[in-house]
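> What follows is query_26.cif, made up of mmCIF, C-alpha atoms:
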data_query
loop_
_atom_site.label_atom_id
_atom_site.label_comp_id
_atom_site.auth_asym_id
_atom_site.auth_seq_id
_atom_site.Cartn_x
_atom_site.Cartn_y
_atom_site.Cartn_z
CA MET A 1 -11.70 -20.86 -6.84
CA ASN A 2 -9.13 -19.62 -4.32
CA THR A 3 -7.64 -16.17 -4.87
CA ILE A 4 -4.03 -15.35 -3.99
CA THR A 5 -2.56 -11.93 -4.71
CA LEU A 6 1.13 -11.08 -4.90
CA ILE A 7 2.86 -7.76 -4.28
CA SER A 8 6.63 -7.40 -4.23
CA ASP A 9 9.80 -5.48 -5.01
CA TRP A 10 11.01 -8.37 -7.17
CA HIS A 11 10.33 -6.66 -10.53
CA LEU A 12 10.03 -8.90 -13.61
CA ARG A 13 13.51 -9.31 -15.04
CA ASP A 14 14.43 -12.41 -13.03
CA PRO A 15 12.65 -15.81 -13.09
CA TYR A 16 12.03 -16.00 -9.33
CA LEU A 17 8.47 -14.71 -9.48
CA ALA A 18 7.52 -17.26 -12.14
CA ILE A 19 9.14 -20.03 -10.10
CA PHE A 20 7.15 -19.05 -7.02
CA LYS A 21 3.91 -18.90 -9.00
CA GLY A 22 4.67 -22.39 -10.29
CA GLN A 23 5.14 -23.61 -6.72
CA ILE A 24 1.79 -22.10 -5.71
CA LEU A 25 -0.03 -23.74 -8.62
CA SER A 26 1.67 -27.07 -7.99
CA ALA A 27 0.49 -27.03 -4.37
CA MET A 28 -2.95 -25.54 -5.11
CA PRO A 29 -3.98 -26.09 -8.75
CA GLU A 30 -7.39 -24.50 -8.22
CA THR A 31 -5.93 -21.10 -7.47
CA ASN A 32 -6.38 -17.77 -9.18
CA ILE A 33 -3.08 -15.86 -8.84
CA LEU A 34 -3.37 -12.11 -9.32
CA ASP A 35 -0.50 -9.62 -9.41
CA VAL A 36 -1.00 -6.35 -7.58
CA THR A 37 2.40 -4.96 -8.57
CA HIS A 38 6.02 -6.09 -8.56
CA ASN A 39 7.51 -2.64 -9.12
CA ILE A 40 7.70 -1.60 -5.48
CA ASP A 41 10.91 0.27 -4.72
CA LEU A 42 13.45 -2.13 -3.23
CA PHE A 43 12.76 -2.95 0.43
CA ASN A 44 10.02 -0.29 0.63
CA ILE A 45 7.49 -1.84 3.01
CA SER A 46 5.78 1.52 3.57
CA GLN A 47 4.93 1.76 -0.13
CA THR A 48 3.72 -1.84 -0.09
CA ALA A 49 1.55 -1.20 2.96
CA PHE A 50 -0.06 1.86 1.40
CA ILE A 51 -0.95 0.11 -1.85
CA MET A 52 -2.18 -3.10 -0.23
CA LYS A 53 -4.22 -1.34 2.45
CA ASN A 54 -6.05 0.66 -0.19
CA CYS A 55 -6.75 -2.10 -2.72
CA TYR A 56 -7.38 -5.37 -0.86
CA LYS A 57 -11.11 -4.67 -0.41
CA HIS A 58 -11.56 -4.90 -4.16
CA PHE A 59 -10.71 -8.62 -4.06
CA PRO A 60 -13.16 -11.33 -2.94
CA GLU A 61 -13.50 -11.99 0.78
CA GLY A 62 -11.29 -14.86 1.86
CA SER A 63 -8.49 -13.82 -0.51
CA VAL A 64 -4.91 -14.47 0.59
CA HIS A 65 -2.45 -11.62 0.03
CA LEU A 66 1.25 -12.47 -0.03
CA LEU A 67 3.39 -9.43 0.78
CA LEU A 68 6.79 -10.31 -0.62
CA THR A 69 8.56 -6.95 -0.39
CA ASN A 70 11.90 -7.22 1.41
CA THR A 71 11.62 -11.02 1.33
CA ALA A 72 14.52 -12.77 -0.38
CA THR A 73 13.97 -16.07 -2.17
CA THR A 74 16.67 -17.61 0.06
CA SER A 75 15.49 -16.22 3.42
CA ASP A 76 14.47 -18.41 6.33
CA ALA A 77 12.52 -15.99 8.55
CA LEU A 78 9.29 -17.30 10.06
CA PRO A 79 6.40 -15.54 8.28
CA VAL A 80 3.13 -14.51 9.89
CA VAL A 81 -0.46 -14.61 8.64
CA LEU A 82 -2.87 -11.91 9.80
CA ALA A 83 -6.63 -12.42 9.44
CA TYR A 84 -8.22 -9.00 9.01
CA ASP A 85 -11.56 -7.87 7.56
CA ASN A 86 -12.26 -11.34 6.07
CA HIS A 87 -8.92 -11.35 4.24
CA PHE A 88 -5.56 -13.01 5.00
CA PHE A 89 -2.23 -11.17 4.79
CA ILE A 90 1.04 -13.11 4.88
CA SER A 91 4.49 -11.60 5.30
CA GLU A 92 7.54 -11.52 7.48
CA ASP A 93 6.71 -9.38 10.49
CA ASN A 94 9.01 -6.52 9.50
CA GLY A 95 6.60 -3.81 10.63
CA ILE A 96 4.35 -3.96 7.58
CA PHE A 97 1.28 -5.15 9.51
CA SER A 98 1.44 -2.20 11.91
CA LEU A 99 1.89 0.14 8.95
CA MET A 100 -1.33 -1.22 7.46
CA PHE A 101 -3.56 -1.77 10.47
CA GLY A 102 -1.60 -0.84 13.58
CA LYS A 103 -4.15 1.43 15.22
CA GLU A 104 -7.29 -0.44 14.27
CA GLY A 105 -7.63 -2.86 17.18
CA GLU A 106 -5.29 -5.45 18.62
CA LEU A 107 -3.63 -7.45 15.86
CA LYS A 108 -3.71 -11.22 16.19
CA GLY A 109 -2.34 -13.80 13.82
CA TYR A 110 -0.44 -17.04 13.39
CA GLN A 111 3.23 -17.74 12.73
CA ALA A 112 4.82 -20.66 10.96
CA LYS A 113 6.19 -23.25 13.38
CA LYS A 114 9.04 -24.86 11.52
CA GLU A 115 12.39 -23.51 10.38
CA GLY A 116 13.08 -23.46 6.68
CA SER A 117 12.43 -21.47 3.53
CA THR A 118 10.33 -18.36 4.14
CA LEU A 119 8.51 -18.80 0.83
CA ALA A 120 7.74 -22.46 1.58
CA ASN A 121 6.34 -21.43 4.95
CA MET A 122 4.32 -18.63 3.35
CA LEU A 123 2.83 -21.15 0.95
CA GLU A 124 1.98 -23.50 3.82
CA LEU A 125 0.30 -20.67 5.71
CA ALA A 126 -1.68 -19.75 2.59
CA GLN A 127 -2.92 -23.33 2.29
CA ALA A 128 -3.87 -23.39 5.98
CA ALA A 129 -5.72 -20.08 5.67
CA ILE A 130 -7.71 -21.35 2.71
CA ASN A 131 -8.41 -24.72 4.35
CA GLY A 132 -9.25 -23.24 7.75
CA THR A 133 -6.48 -25.16 9.55
CA LEU A 134 -4.30 -22.33 10.85
CA LYS A 135 -4.78 -23.32 14.50
CA LYS A 136 -3.41 -26.78 13.72
CA THR A 137 -0.49 -25.83 11.51
CA ALA A 138 0.73 -22.55 13.06
CA LYS A 139 1.18 -20.98 16.48
CA GLU A 140 -0.68 -17.92 17.75
CA TYR A 141 1.15 -14.64 17.27
CA LYS A 142 0.32 -11.21 18.67
CA ASP A 143 3.58 -9.37 19.40
CA PHE A 144 3.57 -7.52 16.09
CA LYS A 145 6.48 -5.20 15.43
CA ARG A 146 5.69 -1.51 15.34
CA ALA A 147 6.90 0.68 12.53
CA PHE A 148 6.58 4.40 12.04
CA SER A 149 3.04 5.47 11.18
CA ALA A 150 2.04 5.09 7.53
CA GLU A 151 -0.60 7.75 8.11
CA PRO A 152 1.15 10.90 9.40
CA MET A 153 -1.65 12.89 7.74
CA ASN A 154 -3.24 15.19 10.29
CA ILE A 155 -5.85 17.95 10.55
CA VAL A 156 -4.45 20.74 12.70
CA PRO A 157 -6.47 23.50 14.40
CA ASP A 158 -5.37 26.38 12.14
CA ARG A 159 -7.39 25.19 9.10
CA THR A 160 -4.54 23.06 7.82
CA ILE A 161 -4.21 19.48 6.61
CA GLU A 162 -0.74 17.97 6.86
CA GLY A 163 0.25 14.92 4.82
CA GLU A 164 2.95 13.65 2.53
CA ILE A 165 3.61 11.98 -0.81
CA VAL A 166 3.59 8.21 -0.29
CA TYR A 167 3.65 6.84 -3.84
CA ILE A 168 4.76 7.84 -7.34
CA ASP A 169 2.80 5.88 -9.95
CA ALA A 170 3.89 4.74 -13.41
CA ALA A 171 2.67 8.01 -14.97
CA PHE A 172 4.73 9.99 -12.42
CA ASN A 173 1.66 11.25 -10.59
CA ALA A 174 2.35 11.93 -6.90
CA VAL A 175 -0.13 10.15 -4.61
CA THR A 176 -0.54 11.52 -1.09
CA ASN A 177 -1.81 9.88 2.09
CA ILE A 178 -4.64 12.44 2.34
CA PRO A 179 -7.98 10.66 1.77
CA THR A 180 -10.01 12.46 -0.89
CA GLN A 181 -13.26 12.30 1.08
CA MET A 182 -11.59 13.79 4.15
CA PHE A 183 -10.14 16.57 1.97
CA LYS A 184 -13.55 17.38 0.49
CA ASP A 185 -15.35 17.19 3.84
CA THR A 186 -12.79 19.48 5.44
CA VAL A 187 -12.15 22.03 2.70
CA GLN A 188 -15.84 22.08 1.58
CA ASN A 189 -15.26 23.94 -1.69
CA LYS A 190 -13.47 26.79 0.07
CA PRO A 191 -10.39 28.31 -1.59
CA PHE A 192 -7.26 26.42 -0.62
CA THR A 193 -3.55 26.31 -1.27
CA ALA A 194 -1.61 23.05 -1.20
CA PHE A 195 2.10 23.53 -0.55
CA VAL A 196 4.39 20.69 -1.66
CA GLN A 197 7.73 20.90 0.10
CA SER A 198 10.05 19.34 -2.46
CA LYS A 199 13.41 20.65 -3.64
CA THR A 200 11.34 23.66 -4.63
CA GLU A 201 8.10 24.56 -2.87
CA TRP A 202 5.10 24.22 -5.17
CA LYS A 203 1.71 25.87 -4.67
CA ILE A 204 -1.46 24.21 -5.98
CA GLN A 205 -4.88 25.82 -5.78
CA LYS A 206 -7.16 23.69 -7.94
CA PHE A 207 -8.95 20.37 -7.39
CA HIS A 208 -10.76 18.33 -10.04
CA GLU A 209 -12.79 15.17 -9.45
CA LYS A 210 -11.20 13.60 -12.53
CA TYR A 211 -8.36 14.25 -14.95
CA GLU A 212 -8.95 17.46 -16.90
CA LYS A 213 -7.35 19.11 -19.93
CA GLU A 214 -6.02 21.98 -17.90
CA GLU A 215 -2.69 23.72 -17.89
CA GLY A 216 -0.61 23.51 -14.76
CA ILE A 217 -0.60 21.27 -11.73
CA TYR A 218 -3.78 20.37 -9.84
CA LEU A 219 -5.15 17.93 -7.29
CA THR A 220 -7.46 15.07 -8.22
CA ASN A 221 -8.94 11.88 -6.78
CA ASN A 222 -6.72 8.86 -7.22
CA ALA A 223 -8.34 5.44 -7.82
CA LEU A 224 -7.14 4.45 -4.34
CA GLY A 225 -9.31 7.19 -2.85
CA HIS A 226 -6.47 9.57 -1.99
CA ILE A 227 -5.49 13.02 -3.18
CA GLU A 228 -3.15 12.88 -6.17
CA ILE A 229 -0.99 15.64 -7.61
CA THR A 230 -1.11 15.56 -11.39
CA MET A 231 -1.01 17.58 -14.59
CA PHE A 232 -2.45 17.08 -18.08
CA GLN A 233 -0.15 15.03 -20.31
CA GLY A 234 2.85 15.68 -18.12
CA ASP A 235 5.02 13.70 -15.71
CA VAL A 236 4.44 15.90 -12.70
CA ALA A 237 6.79 14.17 -10.24
CA LEU A 238 9.57 13.99 -12.82
CA LEU A 239 9.19 17.59 -13.92
CA THR A 240 8.95 19.01 -10.40
CA SER A 241 11.37 16.63 -8.62
CA MET A 242 8.61 15.57 -6.19
CA ASN A 243 9.56 12.47 -4.21
CA ILE A 244 8.10 10.03 -1.72
CA GLY A 245 8.26 11.62 1.72
CA ASP A 246 7.81 15.21 0.54
CA LYS A 247 5.45 17.07 2.86
CA VAL A 248 2.08 18.26 1.53
CA ILE A 249 0.36 21.02 3.54
CA VAL A 250 -3.15 22.16 2.57
CA GLN A 251 -4.34 25.48 3.98
CA TYR A 252 -7.96 26.54 3.51
#
Kindly present the structure from the file in structure tokens form.

Amino acid sequence: MNTITLISDWHLRDPYLAIFKGQILSAMPETNILDVTHNIDLFNISQTAFIMKNCYKHFPEGSVHLLLTNTATTSDALPVVLAYDNHFFISEDNGIFSLMFGKEGELKGYQAKKEGSTLANMLELAQAAINGTLKKTAKEYKDFKRAFSAEPMNIVPDRTIEGEIVYIDAAFNAVTNIPTQMFKDTVQNKPFTAFVQSKTEWKIQKFHEKYEKEEGIYLTNNALGHIEITMFQGDVALLTSMNIGDKVIVQY
């Protein structure tokens, strides 16, 4: 069975998502449609890129991922399909592909040929990707737009890791772009202080592999494999006014 995933900023109040799912099933009845999330902040392609980049590998190889953020149901932009790591990613080329994979080799893909509804063209590209007919139904595309880096995280010489908050989840945990394994390999159980530069600067000096019944704020490993700022039974981002884009500096 074919697998198509959907991620968007459409939310669930309106019927447009259900209509689009109906169109997918009408065109490809033997399709398993899976929702990643539809609660992306409006037009936030950086947030979409972060989530999709860190979860697509958990789906079967050959899956088609439709990135609908910042795509209106009435738009007529020509979407692009990118084949990467045995998966297919389809979106308008609004910079999202470079945010996801921009520095990992030359990106090559295919773009829809005909003018018309963006969603209809995305569906046609999905069918072509599944059927292996992209070369026949779409034109080669390689001039991908560049966006600002989704990975500004950096290890600097003075025993410091610099990153930022890139996602606030439904429990108001603040997810950073600092990979947990890199954090552990670099800090190596040495004492550290993580400074979060929000409206007020916060200092965090504890890391736990999993959620613990502990007072105060600490770092833990998010399911996406990145450092998360959390607290026991508390909405840390809400209580501390942490926001996407706030700098996180770890000194060790």
> Neighbours of Ile45 (chain A) within 9 Å (only C-alpha atoms; same-chain residues fewer than 6 positions away dropped), as a list in words?
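Residues meeting the cut-off are Leu67, Thr69, Asn70, Asn94, Gly95, Ile96 and Leu99 of chain A.
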> Which residue gives the smallest distance to Asn86 (chain A) among A:Tyr56, A:Tyr211, A:Tyr16, A:Phe101, with only C-alpha atoms counted?
A:Tyr56
> Just checking: using all atoms listed in the file, which residue out of A:Asp85, A:Asp235, A:Asp9, A:Asp14 ends up closest to Thr71 (chain A)?
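Once distances to Thr71 (chain A) are computed over all atoms listed in the file, the minimum belongs to A:Asp9.
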> For a quick check of understanding, using all atoms listed in the file, which of A:Ser26, A:Ser91, A:Thr160, A:Thr48 has the smallest distance to Phe195 (chain A)?
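Smallest distance to Phe195 (chain A) is found for A:Thr160.
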> Counting all atoms listed in the file, figure out which residue out of A:Asp35, A:Asp246, A:Glu162, A:Asp93 gets nearest to Trp202 (chain A).
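The answer is A:Asp246, which sits nearest to Trp202 (chain A).
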> Using all atoms listed in the file, which of the listed residues (A:Thr5, A:Thr73, A:Gln188, A:Ser63) sits closest to Gly116 (chain A)?
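So, comparing all the options, the nearest one is A:Thr73.
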> Can you spell out as an NGL selection string the set of residues that the PyMOL selection byres ((chain A and resi 24) around 10) selects in the structure I just provided?
:A and (4 or 18-23 or 25-33 or 119-120 or 123-124 or 126-127)
> Using all atoms listed in the file, which residues sit within 12 Å of Glu209 (chain A) once same-chain residues fewer than 5 positions away are excluded, as a list in words?
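Once the adjacent positions are removed, what remains is Thr180, Gln181, Phe183, Lys184, Asn189, Tyr218, Leu219, Thr220, Asn221, Asn222, Ala223, Gly225, His226, Ile227, Glu228, Ile229 and Thr230 of chain A.
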> Pull C-alpha atoms from the residues just selected and write them as a short mmCIF file (atom, residue, chain, number, x, y, z; two decimals), keeping the file's coordinate frame.

data_model
loop_
_atom_site.label_atom_id
_atom_site.label_comp_id
_atom_site.auth_asym_id
_atom_site.auth_seq_id
_atom_site.Cartn_x
_atom_site.Cartn_y
_atom_site.Cartn_z
CA THR A 180 -10.01 12.46 -0.89
CA GLN A 181 -13.26 12.30 1.08
CA PHE A 183 -10.14 16.57 1.97
CA LYS A 184 -13.55 17.38 0.49
CA ASN A 189 -15.26 23.94 -1.69
CA TYR A 218 -3.78 20.37 -9.84
CA LEU A 219 -5.15 17.93 -7.29
CA THR A 220 -7.46 15.07 -8.22
CA ASN A 221 -8.94 11.88 -6.78
CA ASN A 222 -6.72 8.86 -7.22
CA ALA A 223 -8.34 5.44 -7.82
CA GLY A 225 -9.31 7.19 -2.85
CA HIS A 226 -6.47 9.57 -1.99
CA ILE A 227 -5.49 13.02 -3.18
CA GLU A 228 -3.15 12.88 -6.17
CA ILE A 229 -0.99 15.64 -7.61
CA THR A 230 -1.11 15.56 -11.39
#
> Counting all atoms listed in the file, what is within 8 Å of region 135-141 of chain A, bar same-chain residues fewer than 5 positions away, as a VMD selection string?
chain A and resid 80 108 to 113 125 128
> With C-alpha atoms kept, could you save the residues just selected as a PDB file, keeping the file's coordinate frame?

ATOM      1  CA  VAL A  80       3.130 -14.510   9.890  1.00  0.00           C
ATOM      2  CA  LYS A 108      -3.710 -11.220  16.190  1.00  0.00           C
ATOM      3  CA  GLY A 109      -2.340 -13.800  13.820  1.00  0.00           C
ATOM      4  CA  TYR A 110      -0.440 -17.040  13.390  1.00  0.00           C
ATOM      5  CA  GLN A 111       3.230 -17.740  12.730  1.00  0.00           C
ATOM      6  CA  ALA A 112       4.820 -20.660  10.960  1.00  0.00           C
ATOM      7  CA  LYS A 113       6.190 -23.250  13.380  1.00  0.00           C
ATOM      8  CA  LEU A 125       0.300 -20.670   5.710  1.00  0.00           C
ATOM      9  CA  ALA A 128      -3.870 -23.390   5.980  1.00  0.00           C
TER      10      ALA A 128
END
> Put a box with edges along x, y and z around all the listed atoms of region 39-56 of chain A, pad it by 6 Å on each side, then give me its centre and sizes in Å, one decimal, as AutoDock Vina command-line options.

--center_x 3.0 --center_y -1.8 --center_z -2.8 --size_x 32.8 --size_y 19.2 --size_z 24.7
> Of the candidates A:Thr200, A:Gly132, A:Tyr84, A:Asn44, which shows the shortest atom-to-atom distance to Lys57 (chain A), using all atoms listed in the file?
A:Tyr84
> Excluding Met231 (chain A) and any residue of its chain fewer than 2 positions from it, enumerate the residues within 7 Å of it, using all atoms listed in the file, and give them as a PyMOL selection string.
chain A and resi 216-218+233-234+236
